[in-house]
Amino acid sequence: MLTLFARDDKTKIIKMRRMTMVETNQKGQTAIILAVLVLAVILTIGLGFSALVLNQIKTMRAVGFSAEALYAADAGAEKCLYQVRQEIESECGAAGGGTTSMQLSNDASFIATKTASPLINSLGRYQTASRKIELSWTE
């Protein structure tokens with residue numbers, strides 16, 4: 001703040017104007033700091049919320065992949081069981097057991113294996129998910 005030592009009225013007016021400008025500038029700085037803090041809090045809350053939403057989307061996608069993998073495993077078990085019931089002497093229908101596999105049209109795949117006992121294990125895969133089905137029966 002500039003201090004002038006003069007006795008006329010003009011000097012006092014100049015001094016008062018300069019004080020007002022200094023006070024106004026300080027109020028503006030406080031407002032800017034508060035605005036930045038409020039924006040930082042809003043940004044933090046927004047990023048936290050978006051992280052939760054993205055995690056839920058990822059989980060829901062994995063559930064869909066899991067269902068596709070289960071359907072692929074079921075298809076493998078059914079194919080292997082069909083070969084056994086029809087006594088087809090290849091893949092799963094072989095006397096000592098066997099394995100069949102296939103890549104499906106939706107990019108899912110399965111590997112089904114029959115052991116010598118009446119037991120079929122089928123593993124289905126789709127994207128990042130894999131599911132296994134075990135099928136047994138009495139003859």
# chains A, B, ... in the order shown; residues from 1 in each chain; ligands from 1
call {"tool": "closest_atom_pairs", "arguments": {"of": "segment 48-75 of chain A", "to": "segment 106-110 of chain A", "cutoff": "9 Å", "atoms": "only C-alpha atoms", "output": "JSON lines"}}
result
{"residue": "A:Glu68", "atom": "CA", "partner": "A:Ala108", "partner_atom": "CA", "distance": 7.1}
{"residue": "A:Ala69", "atom": "CA", "partner": "A:Ala108", "partner_atom": "CA", "distance": 6.6}
{"residue": "A:Tyr71", "atom": "CA", "partner": "A:Ala108", "partner_atom": "CA", "distance": 8.9}
{"residue": "A:Ala72", "atom": "CA", "partner": "A:Phe110", "partner_atom": "CA", "distance": 5.7}
{"residue": "A:Ala73", "atom": "CA", "partner": "A:Phe110", "partner_atom": "CA", "distance": 5.6}
{"residue": "A:Asp74", "atom": "CA", "partner": "A:Phe110", "partner_atom": "CA", "distance": 8.7}
{"residue": "A:Ala75", "atom": "CA", "partner": "A:Phe110", "partner_atom": "CA", "distance": 7.7}
call {"tool": "select_by_dssp", "arguments": {"residues": "chain A", "states": "strand (DSSP E or B)", "output": "VMD selection string"}}
result
chain A and resid 98 to 103 109 to 114 119 to 126 129 to 136
call {"tool": "residues_around", "arguments": {"residues": "Leu119 of chain A", "least_positions_apart": "5", "cutoff": "9 Å", "atoms": "only C-alpha atoms", "output": "PyMOL selection string"}}
result
chain A and resi 113-114+134-137
call {"tool": "atom_distance", "arguments": {"atom1": "atom CA of Val63 of chain A", "atom2": "atom CA of Leu81 of chain A"}}
result
27.0 Å
call {"tool": "closest_residue", "arguments": {"among": "A:Ser122, A:Ser117, A:Gln127, A:Ser50", "to": "Glu139 of chain A", "atoms": "only C-alpha atoms"}}
result
A:Ser117
call {"tool": "atom_distance", "arguments": {"atom1": "atom CA of Asn55 of chain A", "atom2": "atom CA of Val36 of chain A"}}
result
28.4 Å
call {"tool": "residues_around", "arguments": {"residues": "segment 83-91 of chain A", "least_positions_apart": "6", "cutoff": "6 Å", "atoms": "only C-alpha atoms", "output": "PyMOL selection string"}}
result
chain A and resi 98-100
call {"tool": "write_last_selection", "arguments": {"atoms": "N, CA and C atoms", "output": "tab-separated table (two decimals), in the first residue's frame"}}
result
chain	number	residue	atom	x	y	z
A	98	GLY	N	-11.84	-91.35	-25.09
A	98	GLY	CA	-11.23	-90.50	-26.11
A	98	GLY	C	-11.56	-89.04	-25.86
A	99	THR	N	-11.14	-88.23	-26.80
A	99	THR	CA	-11.30	-86.78	-26.65
A	99	THR	C	-11.84	-86.19	-27.95
A	100	THR	N	-12.71	-85.22	-27.80
A	100	THR	CA	-13.19	-84.45	-28.94
A	100	THR	C	-13.10	-82.97	-28.60
call {"tool": "closest_residue", "arguments": {"among": "A:Ala112, A:Leu34, A:Ala62, A:Ile42", "to": "Tyr82 of chain A", "atoms": "only C-alpha atoms"}}
result
A:Ala112
call {"tool": "residues_around", "arguments": {"residues": "Arg61 of chain A", "least_positions_apart": "5", "cutoff": "12 Å", "atoms": "only C-alpha atoms", "output": "list in words"}}
result
Leu54, Asn55, Gln56, Ser66, Ala67, Glu68, Tyr126, Gln127, Thr128 and Ala129 of chain A
call {"tool": "select_by_dssp", "arguments": {"residues": "chain A", "states": "helix (DSSP H, G or I)", "output": "PyMOL selection string"}}
result
chain A and resi 9-85+91-93
call {"tool": "atom_distance", "arguments": {"atom1": "atom CA of Gly76 of chain A", "atom2": "atom CA of Ile111 of chain A"}}
result
6.4 Å
call {"tool": "closest_residue", "arguments": {"among": "A:Phe65, A:Ile120, A:Gln29, A:Thr59", "to": "Lys79 of chain A", "atoms": "only C-alpha atoms"}}
result
A:Ile120
call {"tool": "decode", "arguments": {"residues": "segment 3-139 of chain A", "atoms": "C-alpha atoms", "output": "short mmCIF file (atom, residue, chain, number, x, y, z; two decimals), in the first residue's frame"}}
result
data_model
loop_
_atom_site.label_atom_id
_atom_site.label_comp_id
_atom_site.auth_asym_id
_atom_site.auth_seq_id
_atom_site.Cartn_x
_atom_site.Cartn_y
_atom_site.Cartn_z
CA THR A 3 1.19 6.01 1.77
CA LEU A 4 1.28 9.61 0.82
CA PHE A 5 1.76 12.40 3.25
CA ALA A 6 -0.02 15.36 1.84
CA ARG A 7 -2.63 17.61 3.22
CA ASP A 8 -4.88 18.18 0.28
CA ASP A 9 -8.08 16.27 -0.41
CA LYS A 10 -6.90 14.84 -3.75
CA THR A 11 -4.16 12.81 -2.10
CA LYS A 12 -6.58 11.23 0.35
CA ILE A 13 -8.84 10.13 -2.49
CA ILE A 14 -5.92 8.50 -4.34
CA LYS A 15 -4.89 6.71 -1.15
CA MET A 16 -8.41 5.38 -0.58
CA ARG A 17 -8.69 4.11 -4.16
CA ARG A 18 -5.43 2.17 -3.89
CA MET A 19 -6.55 0.51 -0.65
CA THR A 20 -9.80 -0.59 -2.28
CA MET A 21 -7.92 -2.13 -5.22
CA VAL A 22 -5.68 -4.12 -2.86
CA GLU A 23 -8.65 -5.44 -0.87
CA THR A 24 -10.52 -6.39 -4.05
CA ASN A 25 -7.52 -8.33 -5.40
CA GLN A 26 -7.25 -10.35 -2.18
CA LYS A 27 -10.91 -11.27 -2.33
CA GLY A 28 -10.41 -12.51 -5.90
CA GLN A 29 -7.49 -14.70 -4.85
CA THR A 30 -9.56 -16.29 -2.12
CA ALA A 31 -12.36 -17.00 -4.57
CA ILE A 32 -9.94 -18.62 -7.02
CA ILE A 33 -8.44 -20.84 -4.30
CA LEU A 34 -11.89 -21.92 -3.13
CA ALA A 35 -12.97 -22.63 -6.71
CA VAL A 36 -9.88 -24.79 -7.31
CA LEU A 37 -10.51 -26.73 -4.08
CA VAL A 38 -14.16 -27.32 -4.97
CA LEU A 39 -13.20 -28.49 -8.46
CA ALA A 40 -10.57 -30.83 -6.98
CA VAL A 41 -13.18 -32.39 -4.67
CA ILE A 42 -15.66 -32.78 -7.53
CA LEU A 43 -12.97 -34.33 -9.74
CA THR A 44 -11.99 -36.79 -7.00
CA ILE A 45 -15.60 -37.85 -6.47
CA GLY A 46 -16.15 -38.17 -10.22
CA LEU A 47 -13.05 -40.32 -10.72
CA GLY A 48 -14.02 -42.55 -7.82
CA PHE A 49 -17.52 -43.00 -9.21
CA SER A 50 -16.24 -43.74 -12.71
CA ALA A 51 -13.84 -46.37 -11.33
CA LEU A 52 -16.77 -48.12 -9.65
CA VAL A 53 -18.88 -48.00 -12.80
CA LEU A 54 -16.06 -49.34 -14.99
CA ASN A 55 -15.48 -52.18 -12.53
CA GLN A 56 -19.17 -53.12 -12.66
CA ILE A 57 -19.14 -53.06 -16.47
CA LYS A 58 -16.12 -55.36 -16.47
CA THR A 59 -17.86 -57.74 -14.06
CA MET A 60 -21.03 -57.83 -16.15
CA ARG A 61 -19.02 -58.60 -19.27
CA ALA A 62 -17.28 -61.47 -17.45
CA VAL A 63 -20.68 -62.90 -16.45
CA GLY A 64 -21.68 -62.97 -20.12
CA PHE A 65 -18.40 -64.66 -21.05
CA SER A 66 -18.99 -67.21 -18.30
CA ALA A 67 -22.41 -68.14 -19.70
CA GLU A 68 -20.94 -68.61 -23.19
CA ALA A 69 -18.18 -70.83 -21.76
CA LEU A 70 -20.79 -72.92 -19.91
CA TYR A 71 -22.82 -73.36 -23.11
CA ALA A 72 -19.67 -74.46 -24.94
CA ALA A 73 -18.86 -77.00 -22.21
CA ASP A 74 -22.43 -78.31 -22.41
CA ALA A 75 -22.16 -78.65 -26.19
CA GLY A 76 -18.94 -80.63 -25.77
CA ALA A 77 -20.48 -82.97 -23.21
CA GLU A 78 -23.53 -83.52 -25.43
CA LYS A 79 -21.39 -84.25 -28.50
CA CYS A 80 -19.27 -86.71 -26.58
CA LEU A 81 -22.33 -88.41 -25.06
CA TYR A 82 -23.95 -88.65 -28.51
CA GLN A 83 -20.85 -90.40 -29.88
CA VAL A 84 -20.87 -92.84 -26.96
CA ARG A 85 -24.61 -93.62 -27.30
CA GLN A 86 -24.37 -94.08 -31.07
CA GLU A 87 -21.26 -96.25 -30.58
CA ILE A 88 -19.28 -94.19 -33.06
CA GLU A 89 -15.75 -95.61 -32.93
CA SER A 90 -13.95 -92.30 -33.09
CA GLU A 91 -13.10 -89.57 -30.65
CA CYS A 92 -15.26 -90.08 -27.51
CA GLY A 93 -16.94 -93.23 -28.77
CA ALA A 94 -13.73 -95.27 -28.76
CA ALA A 95 -13.74 -98.29 -26.44
CA GLY A 96 -11.14 -97.02 -23.98
CA GLY A 97 -12.35 -93.44 -24.07
CA GLY A 98 -11.23 -90.50 -26.11
CA THR A 99 -11.30 -86.78 -26.65
CA THR A 100 -13.19 -84.45 -28.94
CA SER A 101 -12.76 -80.73 -29.39
CA MET A 102 -14.27 -78.03 -31.54
CA GLN A 103 -14.11 -74.31 -32.23
CA LEU A 104 -17.67 -72.97 -32.32
CA SER A 105 -19.00 -70.21 -34.57
CA ASN A 106 -19.07 -67.64 -31.74
CA ASP A 107 -15.33 -68.20 -31.04
CA ALA A 108 -16.08 -70.37 -28.03
CA SER A 109 -14.41 -73.76 -27.86
CA PHE A 110 -14.64 -77.00 -25.94
CA ILE A 111 -12.57 -80.06 -25.16
CA ALA A 112 -14.55 -83.09 -24.01
CA THR A 113 -12.87 -86.23 -22.70
CA LYS A 114 -14.41 -89.63 -21.93
CA THR A 115 -12.59 -91.99 -19.63
CA ALA A 116 -12.94 -95.79 -19.60
CA SER A 117 -15.60 -95.45 -16.92
CA PRO A 118 -18.87 -93.75 -17.88
CA LEU A 119 -17.58 -90.26 -17.14
CA ILE A 120 -17.26 -87.26 -19.46
CA ASN A 121 -15.36 -84.10 -18.56
CA SER A 122 -15.99 -81.12 -20.82
CA LEU A 123 -14.17 -77.81 -20.60
CA GLY A 124 -15.68 -74.81 -22.40
CA ARG A 125 -13.83 -71.57 -23.06
CA TYR A 126 -14.95 -68.17 -24.26
CA GLN A 127 -12.79 -65.03 -24.16
CA THR A 128 -11.34 -64.94 -20.61
CA ALA A 129 -13.82 -67.37 -19.03
CA SER A 130 -13.69 -71.14 -18.77
CA ARG A 131 -16.26 -73.52 -17.29
CA LYS A 132 -16.16 -77.26 -16.74
CA ILE A 133 -18.96 -79.84 -16.76
CA GLU A 134 -18.70 -83.40 -15.53
CA LEU A 135 -21.25 -85.89 -16.85
CA SER A 136 -21.71 -89.40 -15.49
CA TRP A 137 -24.35 -92.05 -16.16
CA THR A 138 -25.15 -95.68 -15.52
CA GLU A 139 -25.10 -98.16 -18.32
#
